Amino acid sequence: SDGTLWTWGNAPFGQLGQNDRTKQSSPVQVPGTTWTTVGAGDRFTMATKSDGTLWTWGYNAKGNLGHNNLTNYNSPKQLPGTTWRSVDIGYQWTVATKTDGTMYSWGSNAYGRLGIDIAGYPYAGDRSSPTQLPGTAWGEQVSLGERVSVATKLA
């Protein structure tokens with residue numbers, strides 16, 4: 001309830017957010033406070049803060065961190081914008097919503113899971129920065145599976 005964020009486990013790509021790649025067998029605090037939502041995927045992590053900012057770190061082979069590059073980050077790096085509401089991450093892809101009801105996806109588009117109307121295998125249409133999906137009435141509920149994205153819509 002104090003807004004702190006804690007991580008532990010393996011960290012070969014810096015996904016624990018400690019500015020290193022050291023494995024941790026007990027919880028260590030990620031720098032900062034006011035964290036509100038969090039997601040952990042295949043060797044990368046993301047979280048939002050109460051001010052609406054979105055932070056990403058770890059493995060970035062398919063642009064899944066959203067920084068328009070393929071660079072891995074060992075500590076939290078902020079994505080542009082301050083109206084992020086929620087985030088969920090899958091195997092090398094991300095889906096996030098904003099407070100205005102818009103939804104964005106980025107990373108690996110294998111099997112068309114980004115929802116940008118480009119399907120293919122292995123990786124047709126990968127995106128390394130947030131790409132808006134059609135519509136503006138997306139709900140807060142987003143869930144990602146192995147090869148599928150699911151979200152609620154308000155209208």
# chains A, B, ... in the order shown; residues from 1 in each chain; ligands from 1
>>> residues_around(residues="Gly66 (chain A)", least_positions_apart="5", cutoff="6 Å", atoms="only C-alpha atoms", output="VMD selection string")
chain A and resid 128 to 130
>>> closest_residue(among="A:Asp117, A:Asp88, A:Asp100, A:Asp126", to="Asp42 (chain A)", atoms="only C-alpha atoms")
A:Asp88
>>> select_by_dssp(residues="chain A", states="strand (DSSP E)", output="ChimeraX atom specification")
/A:5-9,24-30,35-40,44-49,54-58,73-78,84-89,93-98,103-107,127-132,138-144,149-153
>>> closest_residue(among="A:Arg43, A:His67, A:Arg127, A:Arg147", to="Arg113 (chain A)", atoms="only C-alpha atoms")
A:Arg147
>>> closest_residue(among="A:Val87, A:Ala61, A:Val28, A:Leu70", to="Lys49 (chain A)", atoms="only C-alpha atoms")
A:Val87
>>> closest_residue(among="A:Leu65, A:Val148, A:Val95, A:Ala47", to="Tyr111 (chain A)", atoms="only C-alpha atoms")
A:Val148
